[in-house]
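Student: Sending over start.cif (mmCIF, C-alpha atoms and all ligand atoms).
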```cif
data_target
loop_
_atom_site.label_atom_id
_atom_site.label_comp_id
_atom_site.auth_asym_id
_atom_site.auth_seq_id
_atom_site.Cartn_x
_atom_site.Cartn_y
_atom_site.Cartn_z
CA MET A 240 -21.12 14.24 -34.45
CA LYS A 241 -21.34 15.18 -30.79
CA LYS A 242 -19.69 12.66 -28.49
CA ALA A 243 -21.97 11.16 -25.81
CA LYS A 244 -21.01 12.14 -22.28
CA ILE A 245 -19.52 9.32 -20.22
CA ASN A 246 -21.19 8.51 -16.88
CA ALA A 247 -18.12 8.91 -14.65
CA SER A 248 -16.34 11.67 -12.78
CA PRO A 249 -13.64 13.63 -14.66
CA ALA A 250 -11.12 12.51 -12.00
CA LEU A 251 -11.79 8.84 -12.82
CA LEU A 252 -11.39 9.46 -16.55
CA ASP A 253 -8.09 11.27 -15.83
CA ASP A 254 -6.85 8.32 -13.81
CA LEU A 255 -7.78 5.92 -16.58
CA VAL A 256 -5.82 7.86 -19.20
CA ALA A 257 -2.85 8.20 -16.81
CA GLY A 258 -3.06 4.47 -15.98
CA SER A 259 -2.78 3.54 -19.66
CA LEU A 260 0.25 5.77 -20.17
CA ILE A 261 1.95 4.59 -16.97
CA LEU A 262 1.54 0.91 -17.83
CA ALA A 263 2.91 1.55 -21.31
CA GLN A 264 5.91 3.40 -19.87
CA HIS A 265 6.62 0.55 -17.47
CA GLU A 266 6.37 -1.86 -20.41
CA VAL A 267 3.69 -3.83 -18.62
CA LEU A 268 1.50 -3.05 -21.63
CA ASP A 269 2.94 -2.76 -25.13
CA ALA A 270 0.63 -2.39 -28.12
CA TYR A 271 -1.64 -4.90 -26.36
CA GLY A 272 -3.40 -5.08 -23.04
CA HIS A 273 -5.81 -2.69 -21.34
CA VAL A 274 -6.95 -1.02 -18.14
CA SER A 275 -10.56 -0.28 -17.23
CA ALA A 276 -12.49 1.31 -14.35
CA ARG A 277 -15.97 0.70 -13.04
CA SER A 278 -17.98 3.92 -13.33
CA ASP A 279 -18.10 5.83 -10.04
CA LYS A 280 -21.57 7.07 -11.05
CA ARG A 281 -23.14 3.86 -12.33
CA PRO A 282 -21.81 0.58 -10.91
CA ASP A 283 -23.39 -1.33 -13.80
CA ARG A 284 -21.11 0.43 -16.30
CA TYR A 285 -17.39 0.44 -16.92
CA ILE A 286 -15.05 2.65 -18.93
CA MET A 287 -12.13 1.68 -21.12
CA SER A 288 -10.37 2.96 -24.20
CA ARG A 289 -11.50 2.03 -27.69
CA SER A 290 -9.17 -0.50 -29.35
CA LEU A 291 -5.89 1.42 -29.28
CA ALA A 292 -2.28 0.99 -28.10
CA PRO A 293 -2.24 2.12 -24.43
CA ALA A 294 0.54 4.70 -24.95
CA LEU A 295 -1.74 6.59 -27.36
CA VAL A 296 -4.86 6.78 -25.17
CA THR A 297 -6.43 10.21 -24.50
CA ALA A 298 -9.71 11.15 -22.82
CA ALA A 299 -11.36 11.33 -26.26
CA ASP A 300 -10.72 7.58 -26.72
CA LEU A 301 -12.65 6.44 -23.65
CA VAL A 302 -15.86 4.47 -24.16
CA GLU A 303 -18.60 3.51 -21.68
CA TYR A 304 -19.74 -0.14 -21.67
CA ASP A 305 -22.53 -1.99 -19.90
CA LEU A 306 -21.77 -5.21 -18.04
CA GLU A 307 -22.45 -7.27 -21.16
CA SER A 308 -19.55 -5.35 -22.72
CA GLU A 309 -21.85 -3.60 -25.18
CA PRO A 310 -20.97 0.07 -25.79
CA VAL A 311 -23.62 2.40 -24.36
CA ALA A 312 -23.44 5.01 -27.13
CA ASP A 313 -20.02 5.11 -28.76
CA LYS A 314 -19.76 2.45 -31.48
CA ARG A 315 -16.06 2.76 -32.25
CA LYS A 316 -14.19 -0.55 -32.36
CA GLY A 317 -13.55 -1.94 -28.87
CA PHE A 318 -10.97 -4.40 -27.54
CA ILE A 319 -11.82 -8.04 -28.36
CA GLU A 320 -10.98 -9.08 -24.81
CA ARG A 321 -13.17 -6.55 -22.99
CA TYR A 322 -15.23 -9.49 -21.61
CA ILE A 323 -12.39 -10.04 -19.12
CA HIS A 324 -13.36 -6.74 -17.52
CA SER A 325 -17.16 -6.97 -17.60
CA GLU A 326 -17.31 -10.48 -16.17
CA ILE A 327 -14.98 -9.57 -13.30
CA TYR A 328 -17.09 -6.47 -12.52
CA ARG A 329 -20.17 -8.70 -12.51
CA SER A 330 -18.77 -11.33 -10.20
CA ARG A 331 -16.85 -9.00 -7.84
CA PRO A 332 -18.98 -5.97 -6.91
CA GLU A 333 -16.15 -4.45 -4.84
CA VAL A 334 -13.69 -4.37 -7.76
CA MET A 335 -13.31 -0.87 -9.20
CA ALA A 336 -10.49 -1.36 -11.73
CA VAL A 337 -8.99 -4.15 -13.84
CA VAL A 338 -5.73 -4.46 -15.80
CA HIS A 339 -5.09 -7.19 -18.35
CA SER A 340 -1.53 -7.60 -19.67
CA HIS A 341 0.79 -9.97 -21.49
CA SER A 342 3.57 -9.01 -19.08
CA ALA A 343 6.61 -11.11 -20.11
CA SER A 344 8.06 -12.32 -16.79
CA VAL A 345 4.67 -13.60 -15.68
CA ILE A 346 4.23 -15.94 -18.68
CA PRO A 347 6.48 -18.80 -17.38
CA PHE A 348 4.34 -19.08 -14.24
CA GLY A 349 1.22 -19.67 -16.31
CA ALA A 350 2.94 -22.35 -18.38
CA THR A 351 4.67 -24.42 -15.67
CA ARG A 352 3.89 -25.92 -12.29
CA THR A 353 5.81 -23.22 -10.42
CA LYS A 354 3.44 -20.98 -8.49
CA LEU A 355 3.88 -17.21 -8.61
CA ARG A 356 4.18 -16.20 -4.95
CA PRO A 357 4.94 -12.95 -3.10
CA ILE A 358 8.72 -12.72 -2.79
CA TYR A 359 8.75 -9.15 -1.42
CA HIS A 360 6.43 -6.61 0.10
CA MET A 361 5.61 -4.84 -3.16
CA GLY A 362 4.15 -8.08 -4.46
CA SER A 363 2.40 -8.84 -1.17
CA PHE A 364 -1.11 -8.69 -2.70
CA LEU A 365 -0.23 -12.00 -4.40
CA TRP A 366 -0.62 -13.72 -1.03
CA SER A 367 -4.27 -14.43 -1.87
CA GLY A 368 -3.16 -16.77 -4.66
CA THR A 369 -2.36 -16.70 -8.36
CA PRO A 370 -4.61 -19.33 -9.95
CA VAL A 371 -3.92 -20.27 -13.56
CA PHE A 372 -6.75 -20.10 -16.09
CA GLU A 373 -6.59 -22.99 -18.58
CA ILE A 374 -8.66 -21.93 -21.58
CA ARG A 375 -8.61 -25.48 -23.02
CA ASN A 376 -10.92 -26.58 -20.23
CA GLU A 377 -13.55 -24.19 -21.56
CA LYS A 378 -12.77 -24.26 -25.24
CA PRO A 379 -10.40 -26.89 -26.70
CA ASP A 380 -10.41 -25.13 -30.10
CA ASN A 381 -9.33 -21.74 -28.75
CA ASP A 382 -6.99 -18.97 -29.90
CA LEU A 383 -6.06 -18.04 -26.28
CA LEU A 384 -8.14 -14.85 -26.35
CA ILE A 385 -11.11 -14.10 -24.11
CA ARG A 386 -13.48 -13.42 -26.99
CA ASP A 387 -16.90 -13.73 -25.42
CA ARG A 388 -18.91 -13.66 -22.23
CA PRO A 389 -18.67 -17.40 -21.42
CA LEU A 390 -14.85 -17.24 -21.55
CA GLY A 391 -14.86 -14.05 -19.46
CA LYS A 392 -17.12 -15.72 -16.94
CA ALA A 393 -14.86 -18.77 -16.73
CA LEU A 394 -11.84 -16.51 -16.18
CA ALA A 395 -13.67 -14.62 -13.40
CA ARG A 396 -14.55 -17.98 -11.82
CA THR A 397 -10.86 -18.96 -11.79
CA LEU A 398 -9.88 -15.57 -10.32
CA ALA A 399 -12.47 -16.20 -7.58
CA LYS A 400 -11.55 -14.02 -4.57
CA CYS A 401 -7.88 -13.56 -5.58
CA ASN A 402 -6.21 -10.34 -6.72
CA CYS A 403 -4.46 -11.85 -9.74
CA VAL A 404 -5.22 -14.59 -12.25
CA LEU A 405 -2.63 -15.97 -14.67
CA MET A 406 -3.71 -17.08 -18.12
CA ARG A 407 -1.81 -20.04 -19.56
CA GLY A 408 0.04 -19.16 -22.76
CA HIS A 409 -1.35 -15.63 -22.69
CA GLY A 410 -0.84 -13.25 -19.74
CA MET A 411 -2.51 -12.14 -16.54
CA THR A 412 -5.27 -10.01 -15.09
CA VAL A 413 -5.21 -8.06 -11.80
CA ILE A 414 -7.92 -6.22 -9.93
CA GLY A 415 -7.92 -3.26 -7.55
CA ASP A 416 -10.28 -1.08 -5.60
CA SER A 417 -9.09 1.94 -7.62
CA VAL A 418 -7.26 2.59 -10.89
CA PRO A 419 -4.00 3.43 -9.04
CA GLU A 420 -4.21 0.15 -7.11
CA ALA A 421 -4.81 -1.99 -10.21
CA VAL A 422 -1.95 -0.20 -12.03
CA PHE A 423 0.35 -0.67 -9.02
CA ARG A 424 -0.49 -4.37 -8.91
CA ALA A 425 0.10 -4.87 -12.63
CA ILE A 426 3.54 -3.25 -12.33
CA TYR A 427 4.52 -5.22 -9.24
CA THR A 428 3.18 -8.55 -10.51
CA GLU A 429 5.71 -8.21 -13.33
CA MET A 430 8.51 -7.23 -10.92
CA ASN A 431 7.68 -9.97 -8.45
CA ALA A 432 7.77 -12.54 -11.28
CA ARG A 433 11.16 -11.24 -12.42
CA LEU A 434 12.59 -11.40 -8.89
CA GLN A 435 11.18 -14.88 -8.26
CA LEU A 436 12.83 -16.11 -11.47
CA GLN A 437 16.14 -14.57 -10.33
CA ALA A 438 15.84 -16.14 -6.89
CA THR A 439 15.49 -19.63 -8.38
CA GLN A 440 19.08 -19.28 -9.64
CA LEU A 441 20.40 -18.82 -6.09
CA GLU A 442 20.63 -21.31 -3.28
CA GLY A 443 17.13 -22.14 -2.06
CA PRO A 444 14.61 -22.75 -0.81
CA ILE A 445 13.07 -19.35 -1.46
CA GLU A 446 11.52 -17.72 1.61
CA PHE A 447 8.22 -16.19 0.48
CA LEU A 448 5.98 -13.88 2.49
CA SER A 449 3.62 -15.70 4.83
CA ASP A 450 -0.11 -15.15 4.31
CA GLU A 451 -0.21 -12.94 7.39
CA GLU A 452 2.72 -10.84 6.14
CA GLY A 453 1.00 -10.65 2.78
CA ARG A 454 -2.23 -9.44 4.31
CA ARG A 455 -0.57 -6.81 6.49
CA SER A 456 1.74 -5.56 3.77
CA THR A 457 -1.16 -5.28 1.28
CA ALA A 458 -2.92 -2.96 3.74
CA ALA A 459 0.30 -0.96 4.30
CA ASN A 460 0.83 -0.50 0.54
CA ARG A 461 -2.73 0.75 0.20
CA GLY A 462 -1.85 3.55 2.64
CA THR A 463 1.06 4.85 0.56
CA LEU A 464 -0.35 4.35 -2.93
CA GLU A 465 -0.66 8.10 -3.49
CA ARG A 466 3.14 8.47 -3.58
CA PRO A 467 4.04 6.23 -6.54
CA TRP A 468 0.83 7.28 -8.30
CA GLU A 469 1.76 10.97 -8.15
CA LEU A 470 5.26 10.23 -9.44
CA TRP A 471 4.17 7.86 -12.21
CA LYS A 472 1.42 10.18 -13.37
CA LYS A 473 3.73 13.17 -13.54
CA LYS A 474 6.34 11.24 -15.52
CA ALA A 475 3.77 9.73 -17.87
CA LEU A 476 2.09 13.06 -18.62
CA ALA A 477 5.45 14.84 -19.07
CA ARG A 478 6.43 12.46 -21.85
CA LYS A 479 3.21 12.91 -23.82
ZN ZN B 1 -4.78 -10.68 -23.82
#
```
Can you dump the structure from the file as structure tokens?
Ligand SMILES: [Zn+2]

Tutor:
Amino acid sequence: MKKAKINASPALLDDLVAGSLILAQHEVLDAYGHVSARSDKRPDRYIMSRSLAPALVTAADLVEYDLESEPVADKRKGFIERYIHSEIYRSRPEVMAVVHSHSASVIPFGATRTKLRPIYHMGSFLWSGTPVFEIRNEKPDNDLLIRDRPLGKALARTLAKCNCVLMRGHGMTVIGDSVPEAVFRAIYTEMNARLQLQATQLEGPIEFLSDEEGRRSTAANRGTLERPWELWKKKALARK
């Protein structure tokens, strides 16, 4: 059976495969979690792997979805939680990539009253806030997973204009204006969480970045994103 051609540039598909491998190598994704990209040819479509561990993803595993998270042509089994992606693309037209992970160090911040805040410049994009999505408010009889459009919509509503949303008892989701940016943010959300947890063991109070520092540093990081991306991609592809 001939595979339907995906409506996206080859460069975007390459980035998506590399993003999956990079996140697996950084242990931000294990057998679970996913990265997606809005199509650069059709803004009402997005691309993500079929249901598969991120370390195993190749170009042949990518599937095109509409914004209801229905596959356009390829009917192979998709991720249950793909509604996270489609509902964010619907509510935030400027978002071009999304990563959802169960990144370990982030979990305590979704389960307690302590806010995840930018402790260093690499986590500066967190300045815009890290709201916590409480699934019980939407669905008391839940299994924590974002299984349908209403839950995806509620998550996107909690994310609002922020760059990162935590999910109580589950994980987190970050957005970016490119695949490299969303991957960068997923990696540094995990690192920022780890560092914040370490800092709580030292004499406080912790001095976080101010909103203005956060804003400026986010713009600065955007300007140098090519450097880590080139390195990460090379390492990830070398290990294949
Ligand atoms: Zn999940």

Student: List as an MDAnalysis selection string the protein and nucleic acid residues near Tyr427 of chain A, meaning an atom at most 7 Å away when all atoms listed in the file are counted, but skip any in the same chain fewer than 4 places from it.

Tutor: chainID A and resid 361:362 423 431

Student: Find the residue from A:Leu394, A:Ile358, A:Val345, A:Leu464 that sits nearest to Thr439 of chain A; use all atoms listed in the file when measuring.

Tutor: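 Counting all atoms listed in the file, the residue closest to Thr439 of chain A is A:Ile358.
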
Student: Can I get the residues close to ligand ZN 1 (chain B) as a ChimeraX atom specification, where close means within 10 Å and we count only C-alpha atoms and all ligand atoms?

Tutor: /A:271-273,318-321,323,339-342,383-386,406,408-412

Student: Using only C-alpha atoms, can you tell me which of A:Ser275, A:Asn460, A:Thr351, A:Asn402 comes closest to Tyr322 of chain A?

Tutor: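 Answer, going by the shortest atom-to-atom distance: A:Ser275.
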
Student: Excluding same-chain residues fewer than 4 positions from Leu476 of chain A, what lies within 12 Å of it counting only C-alpha atoms, as a list in words?

Tutor: Asp253, Asp254, Val256, Ala257, Gly258, Ser259, Leu260, Ile261, Ala263, Gln264, Ala294, Leu295, Val296, Thr297, Trp468, Glu469, Leu470, Trp471 and Lys472 of chain A

Student: When distances are computed from only C-alpha atoms, which of A:Pro389, A:Pro347, A:Pro357, A:Gly317 shows the smallest separation from Glu377 of chain A?

Tutor: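 With only C-alpha atoms as the atom set, the closest residue is A:Pro389.
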
Student: Find the residues around Met335 of chain A up to 7 Å (all atoms listed in the file counted), leave out those fewer than 3 positions away in its own chain, and share them as a list in words.

Tutor: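 The neighbour list is Ala276, Arg277, Gly415, Asp416 and Ser417 of chain A.
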
Student: Residues as selected, C-alpha atoms, written as a short mmCIF file (atom, residue, chain, number, x, y, z; two decimals), keeping the file's coordinate frame, can you do that?

Tutor:
```
data_model
loop_
_atom_site.label_atom_id
_atom_site.label_comp_id
_atom_site.auth_asym_id
_atom_site.auth_seq_id
_atom_site.Cartn_x
_atom_site.Cartn_y
_atom_site.Cartn_z
CA ALA A 276 -12.49 1.31 -14.35
CA ARG A 277 -15.97 0.70 -13.04
CA GLY A 415 -7.92 -3.26 -7.55
CA ASP A 416 -10.28 -1.08 -5.60
CA SER A 417 -9.09 1.94 -7.62
#
```

Student: So what do you get for atom CA of Thr397 of chain A versus atom CA of Asn381 of chain A, distance-wise?

Tutor: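 Those two atoms sit 17.3 Å apart.
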
Student: Calculate how many Å separate atom CA of Leu448 of chain A from atom CA of His360 of chain A, rounding to one decimal.

Tutor: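 Straight-line distance from atom CA of Leu448 of chain A to atom CA of His360 of chain A works out to 7.7 Å.
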
Student: Calculated over all atoms listed in the file, which of the candidates A:Asp279, A:Asp269, A:Glu465, A:Glu451 has the smallest distance to Ala336 of chain A?

Tutor: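 For Ala336 of chain A, the nearest of the given residues is A:Asp279.
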
Student: From the options A:Arg478, A:Arg454, A:Arg329, A:Arg352, which residue's atoms come nearest to Lys392 of chain A, counting only C-alpha atoms?

Tutor: A:Arg329

Student: Go through A:Ser449, A:Ser456, A:Ser278, A:Thr463 one by one, measure the shortest atom-to-atom distance of each to Val334 of chain A using all atoms listed in the file, and give the residue with the smallest value.

Tutor: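 Among the listed residues, the smallest separation from Val334 of chain A belongs to A:Ser278.
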
Student: Report, in Å to a single decimal, how far apart atom CA of Leu306 of chain A and atom CA of Asn376 of chain A are.

Tutor: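 Those two atoms sit 24.1 Å apart.
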